[in-house]
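Data first, discussion second: the structure below is written as C-alpha cells.
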Amino acid sequence: MPVKDADRAEFEAFSDLGFDSKGREVLVGLSYEETEWYLEVLERDRAGRGQLTKEESLRRSALDDRHTAARLKVVEQANQARFNTAWDKSWRGPQPMAPKIHPGAVTRARVNAKQARAKQEAL
C-alpha cells in the first residue's frame, strides 16, 4: 500500500490501517483498490495538483464515510475489550430506573378508559 512513511504514524494512531483477506494493508472499511484510489486522490488534493471532479469528490466522500464508520467500530471494540464494558453506555453515566408499575394498575386503567368511552357514547 502506498502509505508514506511520514503519514504512517498518523494512520496508526487513529486506527486507520487494517488488512484485507489477502493480507494486504488497507484503510479499514475499504478494499485494496479503494484504498489505493483514496490515497492517490488524497495526496493529489493535499499537493494541490488539480481539482477533484464532482464524481471524484462524491466517491471520496462516500469512501471517507465508510472508512470513518469502520474506524470508529474498531475503536469501540478496542475500548470494550479494554474496559470490558459497552462504550456507548459508559459515557452516558447511570441510566434512570424505569418506574415500577403494578400490573393491576395497567388493567384498571384499561377498565376505566372503557367505562369512560361507554359513558361518552351513552350521552
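In the C-alpha cells, the first chain shown is A, the next is B, and so on; residue numbers restart at 1 for each chain, and ligands run from 1 in the order shown.
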May I have the residues within 12 Å of Phe11 (chain A) as a VMD selection string, using only C-alpha atoms and disregarding those fewer than 5 positions away in the same chain? chain A and resid 3 to 6 16 to 18 25 to 28 39 67 71
Go ahead and save the picked residues with N, CA and C atoms, as a compact mmCIF listing (two decimals), in the first residue's frame.
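Contents of result_4.txt, freshly written:
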```txt
# COMPACT_ATOMS: atom_id res chain seq x y z
N VAL A 3 1.24 3.94 1.54
CA VAL A 3 1.21 4.86 2.68
C VAL A 3 2.62 5.39 2.86
N LYS A 4 2.73 6.69 2.85
CA LYS A 4 4.05 7.29 3.02
C LYS A 4 4.49 7.15 4.47
N ASP A 5 5.79 7.01 4.65
CA ASP A 5 6.35 6.89 6.00
C ASP A 5 5.96 8.08 6.87
N ALA A 6 5.88 9.27 6.28
CA ALA A 6 5.53 10.46 7.04
C ALA A 6 4.08 10.39 7.54
N ASP A 16 -6.46 3.65 11.58
CA ASP A 16 -6.88 3.71 10.19
C ASP A 16 -6.51 2.48 9.38
N LEU A 17 -5.50 1.75 9.81
CA LEU A 17 -4.97 0.67 8.98
C LEU A 17 -5.46 -0.70 9.43
N GLY A 18 -5.66 -1.55 8.45
CA GLY A 18 -6.04 -2.93 8.69
C GLY A 18 -5.50 -3.78 7.56
N GLU A 25 -2.19 -4.44 3.34
CA GLU A 25 -2.56 -3.34 4.22
C GLU A 25 -3.55 -2.42 3.50
N VAL A 26 -4.64 -2.10 4.19
CA VAL A 26 -5.69 -1.25 3.63
C VAL A 26 -6.17 -0.28 4.70
N LEU A 27 -6.91 0.71 4.27
CA LEU A 27 -7.63 1.55 5.21
C LEU A 27 -8.86 0.76 5.64
N VAL A 28 -9.12 0.67 6.94
CA VAL A 28 -10.22 -0.15 7.42
C VAL A 28 -11.52 0.30 6.76
N LEU A 39 -6.10 7.07 -1.39
CA LEU A 39 -4.83 7.69 -1.02
C LEU A 39 -4.25 8.52 -2.16
N HIS A 67 -15.01 4.47 5.65
CA HIS A 67 -13.77 4.30 6.40
C HIS A 67 -13.93 4.81 7.83
N ARG A 71 -13.59 2.66 11.20
CA ARG A 71 -12.56 3.05 12.17
C ARG A 71 -13.16 3.25 13.56
```
Work out how far apart CA of Arg59 (chain A) and CA of Leu42 (chain A) are and give it in Å to one decimal.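 Here the two named atoms are 11.8 Å from each other.
Between CA of Glu36 (chain A) and CA of Leu63 (chain A) the interatomic distance comes to 11.5 Å.
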For Asp20 (chain A), work out the shell of residues within 12 Å, counting only C-alpha atoms and skipping chain neighbours fewer than 6 positions away, then give it as JSON, numbers by chain. {"A": [1, 26, 27, 28, 29, 30, 31, 32, 33, 34, 35]}
So that I have them on file, write out the residues from the current selection with all heavy atoms, as a PDB file, in the first residue's frame.
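What ended up in selection16.pdb:
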```pdb
ATOM      1  N   MET A   1       0.851  -1.178   0.000  1.00  0.00           N
ATOM      2  CA  MET A   1       0.000   0.000   0.000  1.00  0.00           C
ATOM      3  C   MET A   1       0.893   1.236   0.000  1.00  0.00           C
ATOM      4  O   MET A   1       1.896   1.283   0.705  1.00  0.00           O
ATOM      5  CB  MET A   1      -0.897  -0.017   1.234  1.00  0.00           C
ATOM      6  CG  MET A   1      -1.830   1.164   1.305  1.00  0.00           C
ATOM      7  SD  MET A   1      -3.027   1.030   2.629  1.00  0.00           S
ATOM      8  CE  MET A   1      -2.164   1.848   3.932  1.00  0.00           C
ATOM      9  N   VAL A  26      -4.638  -2.100   4.186  1.00  0.00           N
ATOM     10  CA  VAL A  26      -5.689  -1.247   3.632  1.00  0.00           C
ATOM     11  C   VAL A  26      -6.165  -0.278   4.701  1.00  0.00           C
ATOM     12  O   VAL A  26      -5.878  -0.442   5.878  1.00  0.00           O
ATOM     13  CB  VAL A  26      -6.897  -2.084   3.132  1.00  0.00           C
ATOM     14  CG1 VAL A  26      -6.514  -2.989   1.976  1.00  0.00           C
ATOM     15  CG2 VAL A  26      -7.510  -2.882   4.264  1.00  0.00           C
ATOM     16  N   LEU A  27      -6.912   0.707   4.267  1.00  0.00           N
ATOM     17  CA  LEU A  27      -7.633   1.549   5.213  1.00  0.00           C
ATOM     18  C   LEU A  27      -8.864   0.763   5.638  1.00  0.00           C
ATOM     19  O   LEU A  27      -9.566   0.206   4.789  1.00  0.00           O
ATOM     20  CB  LEU A  27      -8.047   2.871   4.563  1.00  0.00           C
ATOM     21  CG  LEU A  27      -6.910   3.806   4.165  1.00  0.00           C
ATOM     22  CD1 LEU A  27      -7.446   5.005   3.398  1.00  0.00           C
ATOM     23  CD2 LEU A  27      -6.141   4.268   5.385  1.00  0.00           C
ATOM     24  N   VAL A  28      -9.117   0.671   6.941  1.00  0.00           N
ATOM     25  CA  VAL A  28     -10.223  -0.148   7.421  1.00  0.00           C
ATOM     26  C   VAL A  28     -11.523   0.304   6.762  1.00  0.00           C
ATOM     27  O   VAL A  28     -11.758   1.491   6.559  1.00  0.00           O
ATOM     28  CB  VAL A  28     -10.350  -0.139   8.962  1.00  0.00           C
ATOM     29  CG1 VAL A  28      -9.174  -0.814   9.605  1.00  0.00           C
ATOM     30  CG2 VAL A  28     -10.528   1.260   9.498  1.00  0.00           C
ATOM     31  N   GLY A  29     -12.332  -0.665   6.384  1.00  0.00           N
ATOM     32  CA  GLY A  29     -13.612  -0.389   5.742  1.00  0.00           C
ATOM     33  C   GLY A  29     -13.541  -0.283   4.234  1.00  0.00           C
ATOM     34  O   GLY A  29     -14.569  -0.213   3.570  1.00  0.00           O
ATOM     35  N   LEU A  30     -12.317  -0.275   3.674  1.00  0.00           N
ATOM     36  CA  LEU A  30     -12.159  -0.135   2.222  1.00  0.00           C
ATOM     37  C   LEU A  30     -11.411  -1.333   1.651  1.00  0.00           C
ATOM     38  O   LEU A  30     -10.635  -1.976   2.348  1.00  0.00           O
ATOM     39  CB  LEU A  30     -11.365   1.137   1.886  1.00  0.00           C
ATOM     40  CG  LEU A  30     -11.893   2.466   2.424  1.00  0.00           C
ATOM     41  CD1 LEU A  30     -11.009   3.614   1.956  1.00  0.00           C
ATOM     42  CD2 LEU A  30     -13.331   2.704   2.026  1.00  0.00           C
ATOM     43  N   SER A  31     -11.662  -1.608   0.384  1.00  0.00           N
ATOM     44  CA  SER A  31     -10.915  -2.666  -0.299  1.00  0.00           C
ATOM     45  C   SER A  31      -9.521  -2.126  -0.657  1.00  0.00           C
ATOM     46  O   SER A  31      -9.243  -0.927  -0.529  1.00  0.00           O
ATOM     47  CB  SER A  31     -11.650  -3.090  -1.578  1.00  0.00           C
ATOM     48  OG  SER A  31     -11.577  -2.050  -2.550  1.00  0.00           O
ATOM     49  N   TYR A  32      -8.664  -3.013  -1.151  1.00  0.00           N
ATOM     50  CA  TYR A  32      -7.316  -2.599  -1.527  1.00  0.00           C
ATOM     51  C   TYR A  32      -7.367  -1.565  -2.657  1.00  0.00           C
ATOM     52  O   TYR A  32      -6.685  -0.547  -2.617  1.00  0.00           O
ATOM     53  CB  TYR A  32      -6.485  -3.819  -1.949  1.00  0.00           C
ATOM     54  CG  TYR A  32      -5.056  -3.479  -2.252  1.00  0.00           C
ATOM     55  CD1 TYR A  32      -4.146  -3.276  -1.222  1.00  0.00           C
ATOM     56  CD2 TYR A  32      -4.609  -3.347  -3.555  1.00  0.00           C
ATOM     57  CE1 TYR A  32      -2.828  -2.951  -1.482  1.00  0.00           C
ATOM     58  CE2 TYR A  32      -3.287  -3.019  -3.831  1.00  0.00           C
ATOM     59  CZ  TYR A  32      -2.402  -2.818  -2.801  1.00  0.00           C
ATOM     60  OH  TYR A  32      -1.103  -2.487  -3.060  1.00  0.00           O
ATOM     61  N   GLU A  33      -8.207  -1.838  -3.668  1.00  0.00           N
ATOM     62  CA  GLU A  33      -8.326  -0.925  -4.804  1.00  0.00           C
ATOM     63  C   GLU A  33      -8.890   0.425  -4.366  1.00  0.00           C
ATOM     64  O   GLU A  33      -8.423   1.472  -4.809  1.00  0.00           O
ATOM     65  CB  GLU A  33      -9.208  -1.539  -5.903  1.00  0.00           C
ATOM     66  CG  GLU A  33      -8.585  -2.728  -6.603  1.00  0.00           C
ATOM     67  CD  GLU A  33      -8.598  -4.014  -5.772  1.00  0.00           C
ATOM     68  OE1 GLU A  33      -9.407  -4.128  -4.811  1.00  0.00           O
ATOM     69  OE2 GLU A  33      -7.781  -4.895  -6.057  1.00  0.00           O
ATOM     70  N   GLU A  34      -9.886   0.406  -3.476  1.00  0.00           N
ATOM     71  CA  GLU A  34     -10.456   1.652  -2.970  1.00  0.00           C
ATOM     72  C   GLU A  34      -9.423   2.420  -2.148  1.00  0.00           C
ATOM     73  O   GLU A  34      -9.343   3.652  -2.235  1.00  0.00           O
ATOM     74  CB  GLU A  34     -11.690   1.364  -2.109  1.00  0.00           C
ATOM     75  CG  GLU A  34     -12.881   0.874  -2.907  1.00  0.00           C
ATOM     76  CD  GLU A  34     -14.005   0.347  -2.040  1.00  0.00           C
ATOM     77  OE1 GLU A  34     -13.738  -0.119  -0.904  1.00  0.00           O
ATOM     78  OE2 GLU A  34     -15.167   0.388  -2.501  1.00  0.00           O
ATOM     79  N   THR A  35      -8.616   1.690  -1.384  1.00  0.00           N
ATOM     80  CA  THR A  35      -7.565   2.324  -0.582  1.00  0.00           C
ATOM     81  C   THR A  35      -6.556   3.022  -1.474  1.00  0.00           C
ATOM     82  O   THR A  35      -6.189   4.174  -1.241  1.00  0.00           O
ATOM     83  CB  THR A  35      -6.858   1.286   0.311  1.00  0.00           C
ATOM     84  OG1 THR A  35      -7.808   0.754   1.232  1.00  0.00           O
ATOM     85  CG2 THR A  35      -5.696   1.906   1.072  1.00  0.00           C
TER      86      THR A  35
END
```
